[in-house]
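As structure tokens, the structure follows; a few thoughts come after it.
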Amino acid sequence: MGSYIVVRRLATQPKLAHAPKRKWKSVVGLEVHAQITSASKLFSGSGTAFGAPLNTAVTYFDASIPGTLPVLNRKCVESGIKTALALGCRVNEVSMFDRKHYFYADLPNGYQITQQRAALANDGLMTFPVITPGKKVYYKSVNLLQLQLEQDSGKSLHDEQLKRSLVDLNRAGVPLMELVFAPDLETGEEAASLVKELVLILRRLQTCSCKMEEGALRVDANISIHEEGAPLGVRTEVKNIGSVRSISQAISYEINRQLELVAEGGVVTNETRSWDAEHRRTVAMRDKEVLQDYRFMPEPNLPPLHVNLKPGSVSTQELISVAALSKEIPELPEHTRQRLVEHYKLNAETAIILVNEPVLLEHFLNITESLSDVPTKVVTNFLINDLLTYCNKLNLDIEDYSTSANALKDVLKALHAEQINLQAARQLIQLLHANPTSSVCELIGQHNLQQISDLATIEAYCQQAIANQPKAVQQYQKGKSKALFAIAGEVAKLSAQKANMKIVVECLEKLLKK
């Protein structure tokens, strides 16, 4: 189970004043529900578009009208198989559908059609990079126990004023893949990194949009703690975590909550909790003292699902070929990272950051292809240290940065040609976002961002800087070469950060030797 728990006191975390001195480990397992990208539902022809008017994407089958029968959506099966292959799963030649019985007002059948006992695929493995601020990047492997197809339930809408609940069945029957991961994780950061990698894979496969804000990807986390060498502890389940960032926060909070509870002599109970994103804490929903009997039974209206596992086979109308679908799988994120390292000579951490931000990767590939004379390190530094940092400061997704790769290419072109300096390039990032229709040349001219490279002008600035920094001049002439930076900084200040610093340093060295 790897490393020991490091308990940190955060403003939104329980205070571990009485934290146990014994060595404890945390265990985290994830269950992910991914909505399959499909125009119609898993067992009916209803649409799946997000935001459709209430109860307008509902067939008689979705509403559980007697006499209606399910018809399996072929595209959903193919998407499930592609996902399973990409995650290293063993696709089963025969899988079965089951009825899982439970009562919800928004589940008109009184049961969900799923694949509990004979899933579409089993025994996968995901290996992914874990990025934790301030720590070295490392890789983690997690077993995927099974991938199953199932239908979603509807949605209950609660009217607080009228004191009543209404039901929207638009989501009833929407196709889902449930991915059940083994409890191989230890921290919130590892869980968030796993989901981030899964999102990258599903989007490349185009089997799920992964828009968590639309409910297309939902994550449940099972969390427990135990003493080193002891059996696994009682677990709690945190349901329906709504963003990748919240996954890390919710799991970290729950681990610390359990550690604090045990430190104070309490006992962790088997319960379901939800994540309160506003107050950054988990909140009890219901206990699990009574094990719910779902009364699983085979779905009598669906025959066993057979697929063709023979190498070199082709798909027919009656039988889907796994070998044929394997040829449709695109380059996966880890292969892209390896290609960036081998072809562009990037370091591993830079490759990980680029691949984790698909828009940034697209910008990198477009720029390096058209500006082959600009060093790749200059391009990656600009995209990661400047563009990505700017977006992070604004709490802005890189997808929402309103400038094209061509505009960024023009900035780097001007930087490489020494028409502007790095300070001006950073200003252009802001200006391009505020003025997406303006060209780089226009913005350089309008805001007077041209780099000053005229020797006479720079020498005048240097003379002024030498006069303004007598102490630094004295230190430099006594052999302290670093004092030159203070004088160069004065030149930058006098020139409003526009002087060509390469020429400035040469000029200062020449003047101070006289």
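FYI, nothing fancy with the structure tokens labels: chains A, B, ... in order, residues from 1 per chain, ligands from 1 as they appear.
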Check your understanding: If you run DSSP on this backbone, which residues of region 242-370 of chain A come out as strand (DSSP E), and could you give them as a PyMOL selection string?
Key -> chain A and resi 271-276+281-287+297-298+305-308+320-321
Counting only C-alpha atoms, give me one row per residue of region 284-375 of chain A with an atom at most 12 Å from an atom of region 60-71 of chain A, showing the shortest contact pair and its distance in Å to one decimal, sorted by chain then residue number, as JSON lines.
{"residue": "A:Glu299", "atom": "CA", "partner": "A:Pro70", "partner_atom": "CA", "distance": 10.0}
{"residue": "A:Pro300", "atom": "CA", "partner": "A:Leu69", "partner_atom": "CA", "distance": 10.1}
{"residue": "A:Asn301", "atom": "CA", "partner": "A:Leu69", "partner_atom": "CA", "distance": 6.7}
{"residue": "A:Leu302", "atom": "CA", "partner": "A:Pro70", "partner_atom": "CA", "distance": 7.2}
{"residue": "A:Pro303", "atom": "CA", "partner": "A:Val71", "partner_atom": "CA", "distance": 10.4}
{"residue": "A:Leu305", "atom": "CA", "partner": "A:Val71", "partner_atom": "CA", "distance": 11.9}
Using only C-alpha atoms, find each residue in region 286-396 of chain A having at least one atom no more than 12 Å away from region 93-109 of chain A; report its shortest atom-to-atom pair and that distance in Å (one decimal), rows by chain then rising number, as CSV.
residue,atom,partner,partner_atom,distance
A:Gln292,CA,A:Tyr102,CA,8.7
A:Asp293,CA,A:His101,CA,8.1
A:Tyr294,CA,A:His101,CA,4.8
A:Arg295,CA,A:His101,CA,5.8
A:Phe296,CA,A:Lys100,CA,5.0
A:Met297,CA,A:Arg99,CA,5.4
A:Pro298,CA,A:Asp98,CA,4.4
A:Glu299,CA,A:Asp98,CA,4.7
A:Pro300,CA,A:Asp98,CA,8.4
A:Asn301,CA,A:Phe97,CA,9.2
A:Leu302,CA,A:Phe97,CA,6.9
A:Pro303,CA,A:Met96,CA,7.5
A:Pro304,CA,A:Met96,CA,4.9
A:Leu305,CA,A:Ser95,CA,5.2
A:His306,CA,A:Val94,CA,4.7
A:Val307,CA,A:Glu93,CA,5.2
A:Asn308,CA,A:Glu93,CA,6.6
A:Leu309,CA,A:Glu93,CA,6.4
A:Lys310,CA,A:Glu93,CA,9.8
A:Leu319,CA,A:Glu93,CA,10.7
A:Ile320,CA,A:Glu93,CA,10.3
A:Ser321,CA,A:Glu93,CA,10.2
A:Val322,CA,A:Glu93,CA,9.3
Practice item. Name all residues at most 10 Å from region 354-357 of chain A (count only C-alpha atoms; drop same-chain ones fewer than 4 positions away) and give them as number ranges by chain. Key: A: 129, 193, 196-197, 199-200, 332-337, 340, 349-350, 361-364, 380, 383-384, 388, 397-399
Can you pull out every residue within 7 Å of region 242-255 of chain A, counting only C-alpha atoms, but drop anything in the same chain fewer than 6 positions away, and send it as a PDB file with C-alpha atoms, in the first residue's frame?
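Generated output (out01.pdb):
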ATOM      1  CA  GLN A  13      -9.509  20.118   6.973  1.00  0.00           C
ATOM      2  CA  SER A  26      -5.236   5.195   3.843  1.00  0.00           C
ATOM      3  CA  THR A 187      -4.299   9.823  -1.522  1.00  0.00           C
ATOM      4  CA  GLY A 188      -6.651  12.367  -3.000  1.00  0.00           C
ATOM      5  CA  GLU A 189      -3.956  13.503  -5.417  1.00  0.00           C
ATOM      6  CA  ALA A 191      -7.351   9.647  -7.251  1.00  0.00           C
ATOM      7  CA  ALA A 192      -7.581  13.005  -9.058  1.00  0.00           C
ATOM      8  CA  VAL A 195      -9.564  10.487 -13.181  1.00  0.00           C
ATOM      9  CA  LYS A 196      -7.609  13.103 -15.158  1.00  0.00           C
ATOM     10  CA  MET A 212     -18.671  16.585 -15.330  1.00  0.00           C
ATOM     11  CA  GLU A 213     -20.779  19.733 -15.151  1.00  0.00           C
ATOM     12  CA  ARG A 218     -19.527  10.899 -11.986  1.00  0.00           C
ATOM     13  CA  TRP A 275     -19.071  16.402  -0.765  1.00  0.00           C
ATOM     14  CA  ARG A 281     -16.213  19.062   3.762  1.00  0.00           C
ATOM     15  CA  THR A 282     -17.955  15.715   3.530  1.00  0.00           C
TER      16      THR A 282
END
**Study point:** Minimum-distance residue to Ala407 (chain A), chosen among A:Ile367, A:Ala121, A:Leu185, A:Val77 (using only C-alpha atoms)
**Key:** A:Ile367
**Study point:** Within 10 Å of Gly489 (chain A) using only C-alpha atoms, minus same-chain residues under 4 positions, as a list in words
**Key:**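 After dropping sequence-adjacent residues, the list is Ala465, Leu484, Phe485, Lys493, Leu494, Ser495, Gln497, Met501 and Val504 of chain A.
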Point to revise | Gap from CA of His447 (chain A) to CA of Asn421 (chain A) - Å, one decimal | key: 13.7 Å
Review point. Among region 296-325 of chain A, which residues carry a DSSP assignment of helix (DSSP H, G or I), reported as a ChimeraX atom specification?
Key: /A:322-325
Selected residues, C-alpha atoms, written as a PDB file, in the first residue's frame, please.
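Ended up saving to again21.pdb:
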ATOM      1  CA  VAL A 322     -13.022  -7.082 -30.977  1.00  0.00           C
ATOM      2  CA  ALA A 323      -9.991  -7.325 -33.295  1.00  0.00           C
ATOM      3  CA  ALA A 324     -11.587  -4.922 -35.789  1.00  0.00           C
ATOM      4  CA  LEU A 325     -12.367  -2.391 -33.042  1.00  0.00           C
TER       5      LEU A 325
END
Point to revise | Neighbour list for Ile201 (chain A) as number ranges by chain, cut-off 12 Å, only C-alpha atoms, skip fewer than 6 positions in-chain | key: A: 34, 82-88, 126-128, 194-195, 207-210, 329-336, 355-356, 358
